[in-house]
Amino acid sequence: MSTSRIHAEVDFDSDGKHAGFLRIPHSVHRSAYGWLPVPVASVKNGNGPRVLLMSGNHGDEYEGQVALSKLIAALQPDDINGQVIFLPMANYPAAYAGLRTSPIDDGNLNRSFPGDPDDTPTMMIAHFIEHVVLSRVDTMLDLHSGGSSLMYIPSVQAQFEPDGLLSPQVRELVDAFDAPISQVYAPGGEDRMSESAARRNGVVYITTELGGAGTVTPGALVVTERGLRRTLYRIGCLKSAPPEANEKTTTRYVEVKGDEHYCYSPEIGLFEPLVSLGDEVVAGQPAAAVHFPETPLKSPLIVEFKGEGVVICQRFPGRVVRGDCLFHLGSDWPG
């Protein structure tokens with residue numbers, strides 16, 4: 001592991017509340033000795049649970065960025081045991097631009113781990129998170145949403161262990177967050193995501209899909225803020241129980257099984273959804289019509305679902321090309 005070239009203005013070892021930037025060296029034509037400012041905050045009070053709360057991994061996913069900004073402002077050292085580290089705009093160039101990926105290097109942070117300290121800014125950020133930040137924490141929540149192209153029923157996502165069950169520590173986080181939907185899935189081949197970085201560091205991890213469509217809805221924000229405080233309290237980090245701490249868990253566990261639970265556009269055209277979020281569907285049921293207004297006499301193409309389950313995600317923009325995801329399903333998980 002090479003040493004990171006990123007300089008942290010925040011001393012992660014010091015008790016108290018601190019905020020500043022991770023300075024990424026960035027020498028370009030307009031700024032020869034410049035640096036990129038990734039916002040970072042730490043709230044620390046002695047020993048206890050050590051938590052990383054991250055959002056802005058994808059820059060056009062706003063629910064987590066808003067919720068973490070509010071929590072940073074509200075949380076004081078006396079409120080907690082241990083430490084909470086915040087990265088509210090983890091891929092700062094992408095978040096500043098309101099884009100999924102960085103406009104500087106086209107980097108997708110959630111496909112960049114374990115990163116490289118001598119590569120592009122996105123790779124440098126990934127390296128710093130994996131090799132500096134994750135070595136300091138026990139638990140990580142990476143807050144995602146559908147971004148500009150998708151809308152989700154607010155959901156938590158968690159990965160099975162090889163035995164097909166959730167680890168007790170992960171199950172505790174999922175139940176505590178208590179989103180309307182909790183998606184569970186088998187380990188896959190993708191090792192460049194924040195989840196893989198957490199696993200390589202022995203960090204208990206969950207992620208979310210908290211809404212999307214390039215906006216922040218009141219309902220999604222309530223789920224996010226409630227879930228964060230419930231989770232911090234459940235693991236012993238937040239000292240005082242929030243009002244919702246003892247509400248019964250009501251999340252619906254669904255399993256995402258792979259290709260059968262995804263529906264894609266086969267052509268270029270305009271997307272007409274034939275179902276809505278939360279609908280129960282079956283294999284062979286019409287999911288969408290793709291229209292071709294540039295060819296007035298051409299009949300729309302009907303796209304069918306391959307599997308059955310509840311619609312947990314829908315594409316937002318109406319214009320589609322071949323390969324765009326239109327819907328995402330989950331089927332009830334009895335575990």
# chains A, B, ... in the order shown; residues from 1 in each chain; ligands from 1
>>> residues_around(residues="Leu165 of chain A", least_positions_apart="3", cutoff="12 Å", atoms="only C-alpha atoms", output="PDB file with N, CA and C atoms, in the first residue's frame")
ATOM      1  N   ALA A 158     -28.234  -5.113   1.597  1.00  0.00           N
ATOM      2  CA  ALA A 158     -27.259  -5.861   2.384  1.00  0.00           C
ATOM      3  C   ALA A 158     -26.954  -7.181   1.687  1.00  0.00           C
ATOM      4  N   GLN A 159     -25.716  -7.625   1.834  1.00  0.00           N
ATOM      5  CA  GLN A 159     -25.241  -8.831   1.152  1.00  0.00           C
ATOM      6  C   GLN A 159     -25.257 -10.038   2.085  1.00  0.00           C
ATOM      7  N   PHE A 160     -25.684 -11.178   1.541  1.00  0.00           N
ATOM      8  CA  PHE A 160     -25.626 -12.434   2.267  1.00  0.00           C
ATOM      9  C   PHE A 160     -24.185 -12.824   2.582  1.00  0.00           C
ATOM     10  N   GLU A 161     -24.067 -13.648   3.601  1.00  0.00           N
ATOM     11  CA  GLU A 161     -22.839 -14.407   3.802  1.00  0.00           C
ATOM     12  C   GLU A 161     -22.891 -15.658   2.909  1.00  0.00           C
ATOM     13  N   PRO A 162     -21.791 -16.406   2.795  1.00  0.00           N
ATOM     14  CA  PRO A 162     -21.815 -17.608   1.946  1.00  0.00           C
ATOM     15  C   PRO A 162     -22.888 -18.622   2.319  1.00  0.00           C
ATOM     16  N   PRO A 168     -25.293 -11.554  11.846  1.00  0.00           N
ATOM     17  CA  PRO A 168     -26.075 -10.888  12.899  1.00  0.00           C
ATOM     18  C   PRO A 168     -25.809  -9.396  12.984  1.00  0.00           C
ATOM     19  N   GLN A 169     -24.553  -8.986  12.755  1.00  0.00           N
ATOM     20  CA  GLN A 169     -24.224  -7.555  12.842  1.00  0.00           C
ATOM     21  C   GLN A 169     -24.894  -6.766  11.726  1.00  0.00           C
ATOM     22  N   VAL A 170     -24.894  -7.340  10.511  1.00  0.00           N
ATOM     23  CA  VAL A 170     -25.549  -6.661   9.389  1.00  0.00           C
ATOM     24  C   VAL A 170     -27.059  -6.651   9.590  1.00  0.00           C
ATOM     25  N   ARG A 171     -27.612  -7.770  10.042  1.00  0.00           N
ATOM     26  CA  ARG A 171     -29.061  -7.844  10.280  1.00  0.00           C
ATOM     27  C   ARG A 171     -29.487  -6.781  11.298  1.00  0.00           C
ATOM     28  N   VAL A 184     -31.882  -7.822  -0.089  1.00  0.00           N
ATOM     29  CA  VAL A 184     -30.772  -8.711   0.231  1.00  0.00           C
ATOM     30  C   VAL A 184     -30.369  -9.446  -1.036  1.00  0.00           C
ATOM     31  N   TYR A 185     -29.085  -9.766  -1.140  1.00  0.00           N
ATOM     32  CA  TYR A 185     -28.580 -10.336  -2.392  1.00  0.00           C
ATOM     33  C   TYR A 185     -27.350 -11.175  -2.107  1.00  0.00           C
ATOM     34  N   ALA A 186     -27.075 -12.097  -3.012  1.00  0.00           N
ATOM     35  CA  ALA A 186     -25.928 -12.986  -2.873  1.00  0.00           C
ATOM     36  C   ALA A 186     -24.648 -12.264  -3.254  1.00  0.00           C
ATOM     37  N   PRO A 187     -23.498 -12.684  -2.704  1.00  0.00           N
ATOM     38  CA  PRO A 187     -22.220 -12.098  -3.112  1.00  0.00           C
ATOM     39  C   PRO A 187     -22.030 -12.238  -4.614  1.00  0.00           C
ATOM     40  N   GLU A 255     -35.575 -10.329  -1.748  1.00  0.00           N
ATOM     41  CA  GLU A 255     -34.332 -10.828  -2.332  1.00  0.00           C
ATOM     42  C   GLU A 255     -34.239 -10.386  -3.783  1.00  0.00           C
ATOM     43  N   TRP A 333     -38.327 -12.375   0.841  1.00  0.00           N
ATOM     44  CA  TRP A 333     -37.266 -13.233   1.387  1.00  0.00           C
ATOM     45  C   TRP A 333     -37.706 -13.727   2.761  1.00  0.00           C
ATOM     46  N   PRO A 334     -37.766 -15.033   2.974  1.00  0.00           N
ATOM     47  CA  PRO A 334     -38.284 -15.546   4.236  1.00  0.00           C
ATOM     48  C   PRO A 334     -37.256 -15.568   5.364  1.00  0.00           C
ATOM     49  N   GLY A 335     -35.993 -15.217   5.052  1.00  0.00           N
ATOM     50  CA  GLY A 335     -34.948 -15.333   6.058  1.00  0.00           C
ATOM     51  C   GLY A 335     -35.052 -14.345   7.176  1.00  0.00           C
TER      52      GLY A 335
END
>>> residues_around(residues="Arg111 of chain A", least_positions_apart="3", cutoff="10 Å", atoms="only C-alpha atoms", output="MDAnalysis selection string")
chainID A and resid 57 107:108 114:115 122:123 126 190:194
>>> write_last_selection(atoms="N, CA and C atoms", output="PDB file, in the first residue's frame")
ATOM      1  N   ASN A  57     -21.124   9.429  -2.845  1.00  0.00           N
ATOM      2  CA  ASN A  57     -20.316   8.470  -3.598  1.00  0.00           C
ATOM      3  C   ASN A  57     -20.627   8.644  -5.080  1.00  0.00           C
ATOM      4  N   GLY A 107     -14.630   9.517 -13.352  1.00  0.00           N
ATOM      5  CA  GLY A 107     -14.505   8.420 -12.405  1.00  0.00           C
ATOM      6  C   GLY A 107     -15.790   8.143 -11.647  1.00  0.00           C
ATOM      7  N   ASN A 108     -16.169   6.871 -11.599  1.00  0.00           N
ATOM      8  CA  ASN A 108     -17.277   6.385 -10.781  1.00  0.00           C
ATOM      9  C   ASN A 108     -16.645   5.866  -9.492  1.00  0.00           C
ATOM     10  N   PRO A 114      -9.933  -0.731  -4.839  1.00  0.00           N
ATOM     11  CA  PRO A 114      -9.283  -0.081  -3.691  1.00  0.00           C
ATOM     12  C   PRO A 114      -8.566   1.227  -4.007  1.00  0.00           C
ATOM     13  N   GLY A 115      -8.643   1.690  -5.239  1.00  0.00           N
ATOM     14  CA  GLY A 115      -8.048   2.973  -5.577  1.00  0.00           C
ATOM     15  C   GLY A 115      -6.560   2.922  -5.794  1.00  0.00           C
ATOM     16  N   THR A 122     -10.457  10.574  -8.557  1.00  0.00           N
ATOM     17  CA  THR A 122     -11.403   9.574  -8.058  1.00  0.00           C
ATOM     18  C   THR A 122     -10.671   8.381  -7.464  1.00  0.00           C
ATOM     19  N   MET A 123      -9.622   7.932  -8.116  1.00  0.00           N
ATOM     20  CA  MET A 123      -8.849   6.800  -7.604  1.00  0.00           C
ATOM     21  C   MET A 123      -8.138   7.167  -6.307  1.00  0.00           C
ATOM     22  N   ALA A 126     -10.777   7.008  -3.535  1.00  0.00           N
ATOM     23  CA  ALA A 126     -11.059   5.614  -3.186  1.00  0.00           C
ATOM     24  C   ALA A 126      -9.946   5.024  -2.330  1.00  0.00           C
ATOM     25  N   GLU A 190     -18.369  -8.326  -8.340  1.00  0.00           N
ATOM     26  CA  GLU A 190     -17.888  -6.948  -8.354  1.00  0.00           C
ATOM     27  C   GLU A 190     -17.120  -6.647  -7.083  1.00  0.00           C
ATOM     28  N   ASP A 191     -15.823  -6.348  -7.219  1.00  0.00           N
ATOM     29  CA  ASP A 191     -14.997  -6.092  -6.037  1.00  0.00           C
ATOM     30  C   ASP A 191     -14.472  -4.661  -5.993  1.00  0.00           C
ATOM     31  N   ARG A 192     -15.072  -3.767  -6.802  1.00  0.00           N
ATOM     32  CA  ARG A 192     -14.589  -2.379  -6.866  1.00  0.00           C
ATOM     33  C   ARG A 192     -15.487  -1.408  -6.114  1.00  0.00           C
ATOM     34  N   MET A 193     -16.485  -1.933  -5.402  1.00  0.00           N
ATOM     35  CA  MET A 193     -17.465  -1.078  -4.736  1.00  0.00           C
ATOM     36  C   MET A 193     -17.096  -0.861  -3.277  1.00  0.00           C
ATOM     37  N   SER A 194     -17.775   0.111  -2.641  1.00  0.00           N
ATOM     38  CA  SER A 194     -17.461   0.430  -1.247  1.00  0.00           C
ATOM     39  C   SER A 194     -17.717  -0.764  -0.338  1.00  0.00           C
TER      40      SER A 194
END
>>> residues_around(residues="Leu277 of chain A", least_positions_apart="2", cutoff="10 Å", atoms="only C-alpha atoms", output="PyMOL selection string")
chain A and resi 151-153+275+279-280+310-314+327-329
>>> write_last_selection(atoms="C-alpha atoms", output="compact mmCIF listing (two decimals), in the first residue's frame")
# COMPACT_ATOMS: atom_id res chain seq x y z
CA MET A 151 -36.44 6.28 -8.43
CA TYR A 152 -36.48 3.71 -5.61
CA ILE A 153 -38.86 2.95 -2.82
CA VAL A 275 -46.80 -0.38 -13.69
CA ASP A 279 -46.94 -2.93 -7.65
CA GLU A 280 -46.82 -6.72 -7.45
CA VAL A 310 -42.61 -6.13 -6.07
CA VAL A 311 -41.50 -3.15 -8.17
CA ILE A 312 -38.89 -1.39 -6.03
CA CYS A 313 -37.23 0.78 -8.67
CA GLN A 314 -38.32 2.58 -11.85
CA PHE A 327 -37.53 -1.54 -13.62
CA HIS A 328 -36.00 -3.50 -10.77
CA LEU A 329 -37.92 -6.10 -8.76
>>> residues_around(residues="Glu267 of chain A", least_positions_apart="3", cutoff="12 Å", atoms="only C-alpha atoms", output="PyMOL selection string")
chain A and resi 264+270-271+288-292+300-303+319-326
>>> closest_atom_pairs(of="segment 126-234 of chain A", to="segment 15-26 of chain A", cutoff="12 Å", atoms="only C-alpha atoms", output="JSON lines")
{"residue": "A:Ala126", "atom": "CA", "partner": "A:Ile24", "partner_atom": "CA", "distance": 11.7}
{"residue": "A:His127", "atom": "CA", "partner": "A:Ile24", "partner_atom": "CA", "distance": 11.7}
{"residue": "A:Phe128", "atom": "CA", "partner": "A:Leu22", "partner_atom": "CA", "distance": 9.3}
{"residue": "A:Ile129", "atom": "CA", "partner": "A:Leu22", "partner_atom": "CA", "distance": 10.6}
{"residue": "A:Val132", "atom": "CA", "partner": "A:Leu22", "partner_atom": "CA", "distance": 11.6}
{"residue": "A:Val133", "atom": "CA", "partner": "A:Leu22", "partner_atom": "CA", "distance": 11.3}
>>> write_last_selection(atoms="C-alpha atoms", output="tab-separated table (two decimals), in the first residue's frame")
chain	number	residue	atom	x	y	z
A	126	ALA	CA	-11.06	5.61	-3.19
A	127	HIS	CA	-7.57	4.79	-1.93
A	128	PHE	CA	-7.87	7.23	0.98
A	129	ILE	CA	-11.26	5.85	2.04
A	132	VAL	CA	-7.01	5.48	5.76
A	133	VAL	CA	-10.64	5.93	6.82
>>> closest_atom_pairs(of="segment 162-213 of chain A", to="segment 136-139 of chain A", cutoff="6 Å", atoms="only C-alpha atoms", output="tab-separated table")
residue	atom	partner	partner_atom	distance
A:Val203	CA	A:Asp138	CA	4.9
A:Val204	CA	A:Thr139	CA	4.7
A:Tyr205	CA	A:Thr139	CA	5.9
>>> atom_distance(atom1="atom CA of Arg252 of chain A", atom2="atom CA of Arg100 of chain A")
28.0 Å
>>> residues_around(residues="His58 of chain A", least_positions_apart="2", cutoff="7 Å", atoms="only C-alpha atoms", output="PyMOL selection string")
chain A and resi 56+60-61+91+94-95+100-101+109
>>> write_last_selection(atoms="C-alpha atoms", output="PDB file, in the first residue's frame")
ATOM      1  CA  GLY A  56     -22.084  11.633  -2.442  1.00  0.00           C
ATOM      2  CA  ASP A  60     -26.363  13.149  -8.204  1.00  0.00           C
ATOM      3  CA  GLU A  61     -27.717  11.238  -5.201  1.00  0.00           C
ATOM      4  CA  ASN A  91     -16.653  12.149  -4.702  1.00  0.00           C
ATOM      5  CA  ALA A  94     -19.125  14.667  -9.005  1.00  0.00           C
ATOM      6  CA  ALA A  95     -21.256  15.968  -6.125  1.00  0.00           C
ATOM      7  CA  ARG A 100     -23.069  10.494 -11.053  1.00  0.00           C
ATOM      8  CA  THR A 101     -19.407  10.506 -12.077  1.00  0.00           C
ATOM      9  CA  LEU A 109     -16.118   6.236  -7.152  1.00  0.00           C
TER      10      LEU A 109
END
>>> select_by_dssp(residues="segment 1-240 of chain A", states="strand (DSSP E)", output="number ranges by chain")
A: 7-8, 16-25, 35-45, 50-54, 82-87, 139-142, 150-152, 155-159, 181-185, 204-209
>>> write_last_selection(atoms="C-alpha atoms", output="PDB file, in the first residue's frame")
ATOM      1  CA  HIS A   7      -3.871  15.710   3.246  1.00  0.00           C
ATOM      2  CA  ALA A   8      -6.647  15.637   5.849  1.00  0.00           C
ATOM      3  CA  GLY A  16     -14.351  16.925  19.898  1.00  0.00           C
ATOM      4  CA  LYS A  17     -16.097  18.130  16.771  1.00  0.00           C
ATOM      5  CA  HIS A  18     -13.926  19.010  13.788  1.00  0.00           C
ATOM      6  CA  ALA A  19     -14.633  19.811  10.157  1.00  0.00           C
ATOM      7  CA  GLY A  20     -12.490  20.658   7.182  1.00  0.00           C
ATOM      8  CA  PHE A  21     -11.375  19.155   3.908  1.00  0.00           C
ATOM      9  CA  LEU A  22      -9.431  16.324   2.429  1.00  0.00           C
ATOM     10  CA  ARG A  23      -7.041  18.165   0.129  1.00  0.00           C
ATOM     11  CA  ILE A  24      -6.477  16.329  -3.150  1.00  0.00           C
ATOM     12  CA  PRO A  25      -3.484  17.747  -5.079  1.00  0.00           C
ATOM     13  CA  TRP A  35      -6.219  21.189  -4.521  1.00  0.00           C
ATOM     14  CA  LEU A  36      -9.727  19.752  -4.557  1.00  0.00           C
ATOM     15  CA  PRO A  37     -11.709  20.106  -1.281  1.00  0.00           C
ATOM     16  CA  VAL A  38     -13.540  16.933  -0.183  1.00  0.00           C
ATOM     17  CA  PRO A  39     -15.621  17.906   2.892  1.00  0.00           C
ATOM     18  CA  VAL A  40     -14.980  15.816   6.005  1.00  0.00           C
ATOM     19  CA  ALA A  41     -16.108  16.007   9.630  1.00  0.00           C
ATOM     20  CA  SER A  42     -15.391  14.031  12.792  1.00  0.00           C
ATOM     21  CA  VAL A  43     -17.340  13.924  16.043  1.00  0.00           C
ATOM     22  CA  LYS A  44     -15.419  11.983  18.693  1.00  0.00           C
ATOM     23  CA  ASN A  45     -15.946  11.306  22.380  1.00  0.00           C
ATOM     24  CA  ARG A  50     -16.505   3.919  15.352  1.00  0.00           C
ATOM     25  CA  VAL A  51     -18.721   4.713  12.380  1.00  0.00           C
ATOM     26  CA  LEU A  52     -18.242   6.078   8.857  1.00  0.00           C
ATOM     27  CA  LEU A  53     -21.288   7.803   7.360  1.00  0.00           C
ATOM     28  CA  MET A  54     -20.785   8.491   3.663  1.00  0.00           C
ATOM     29  CA  GLY A  82     -16.931   6.698  20.203  1.00  0.00           C
ATOM     30  CA  GLN A  83     -16.628   8.441  16.871  1.00  0.00           C
ATOM     31  CA  VAL A  84     -18.614   9.315  13.775  1.00  0.00           C
ATOM     32  CA  ILE A  85     -16.660  10.267  10.641  1.00  0.00           C
ATOM     33  CA  PHE A  86     -18.657  12.008   7.909  1.00  0.00           C
ATOM     34  CA  LEU A  87     -17.911  12.158   4.187  1.00  0.00           C
ATOM     35  CA  THR A 139     -19.219   0.183  10.861  1.00  0.00           C
ATOM     36  CA  MET A 140     -19.986   1.917   7.566  1.00  0.00           C
ATOM     37  CA  LEU A 141     -23.222   3.256   6.072  1.00  0.00           C
ATOM     38  CA  ASP A 142     -22.888   4.333   2.436  1.00  0.00           C
ATOM     39  CA  LEU A 150     -33.899   5.995 -11.230  1.00  0.00           C
ATOM     40  CA  MET A 151     -36.443   6.277  -8.432  1.00  0.00           C
ATOM     41  CA  TYR A 152     -36.484   3.711  -5.606  1.00  0.00           C
ATOM     42  CA  SER A 155     -34.473   0.854   0.695  1.00  0.00           C
ATOM     43  CA  VAL A 156     -31.532  -0.645   2.548  1.00  0.00           C
ATOM     44  CA  GLN A 157     -29.278  -3.102   0.724  1.00  0.00           C
ATOM     45  CA  ALA A 158     -27.259  -5.861   2.384  1.00  0.00           C
ATOM     46  CA  GLN A 159     -25.241  -8.831   1.152  1.00  0.00           C
ATOM     47  CA  ILE A 181     -37.801  -2.129   1.781  1.00  0.00           C
ATOM     48  CA  SER A 182     -34.643  -4.082   2.665  1.00  0.00           C
ATOM     49  CA  GLN A 183     -32.979  -5.674  -0.354  1.00  0.00           C
ATOM     50  CA  VAL A 184     -30.772  -8.711   0.231  1.00  0.00           C
ATOM     51  CA  TYR A 185     -28.580 -10.336  -2.392  1.00  0.00           C
ATOM     52  CA  VAL A 204     -19.751  -4.088   9.093  1.00  0.00           C
ATOM     53  CA  TYR A 205     -21.521  -2.470   6.148  1.00  0.00           C
ATOM     54  CA  ILE A 206     -24.901  -1.577   4.723  1.00  0.00           C
ATOM     55  CA  THR A 207     -25.856   0.677   1.855  1.00  0.00           C
ATOM     56  CA  THR A 208     -29.117   2.282   0.773  1.00  0.00           C
ATOM     57  CA  GLU A 209     -31.231   3.353  -2.181  1.00  0.00           C
TER      58      GLU A 209
END
>>> closest_residue(among="A:His131, A:Lys248, A:Lys70, A:Arg315", to="Ser265 of chain A", atoms="only C-alpha atoms")
A:Arg315
>>> atom_distance(atom1="atom CA of Ser331 of chain A", atom2="atom CA of Val254 of chain A")
5.0 Å
>>> atom_distance(atom1="atom CA of Val281 of chain A", atom2="atom CA of Glu308 of chain A")
5.4 Å
>>> closest_residue(among="A:Gly98, A:Pro49, A:Gly269, A:Pro77", to="Gly147 of chain A", atoms="only C-alpha atoms")
A:Gly98
>>> closest_residue(among="A:Thr120, A:Thr251, A:Thr295, A:Thr224", to="Leu68 of chain A", atoms="only C-alpha atoms")
A:Thr224
>>> select_by_dssp(residues="segment 51-119 of chain A", states="alpha helix (DSSP H)", output="JSON, numbers by chain")
{"A": [63, 64, 65, 66, 67, 68, 69, 70, 71, 72, 73, 74, 92, 93, 94, 95, 96, 97]}
>>> write_last_selection(atoms="C-alpha atoms", output="PDB file, in the first residue's frame")
ATOM      1  CA  GLU A  63     -30.886  12.437   0.014  1.00  0.00           C
ATOM      2  CA  GLY A  64     -27.830  11.263   1.929  1.00  0.00           C
ATOM      3  CA  GLN A  65     -25.970  14.520   1.340  1.00  0.00           C
ATOM      4  CA  VAL A  66     -28.821  16.527   2.858  1.00  0.00           C
ATOM      5  CA  ALA A  67     -29.323  14.145   5.778  1.00  0.00           C
ATOM      6  CA  LEU A  68     -25.621  14.026   6.661  1.00  0.00           C
ATOM      7  CA  SER A  69     -25.296  17.801   6.404  1.00  0.00           C
ATOM      8  CA  LYS A  70     -28.099  18.155   8.950  1.00  0.00           C
ATOM      9  CA  LEU A  71     -26.647  15.479  11.230  1.00  0.00           C
ATOM     10  CA  ILE A  72     -23.174  17.062  11.166  1.00  0.00           C
ATOM     11  CA  ALA A  73     -24.697  20.356  12.273  1.00  0.00           C
ATOM     12  CA  ALA A  74     -26.750  18.742  15.042  1.00  0.00           C
ATOM     13  CA  TYR A  92     -16.606  15.922  -4.362  1.00  0.00           C
ATOM     14  CA  PRO A  93     -16.103  16.797  -8.062  1.00  0.00           C
ATOM     15  CA  ALA A  94     -19.125  14.667  -9.005  1.00  0.00           C
ATOM     16  CA  ALA A  95     -21.256  15.968  -6.125  1.00  0.00           C
ATOM     17  CA  TYR A  96     -20.366  19.609  -6.858  1.00  0.00           C
ATOM     18  CA  ALA A  97     -21.367  19.121 -10.487  1.00  0.00           C
TER      19      ALA A  97
END
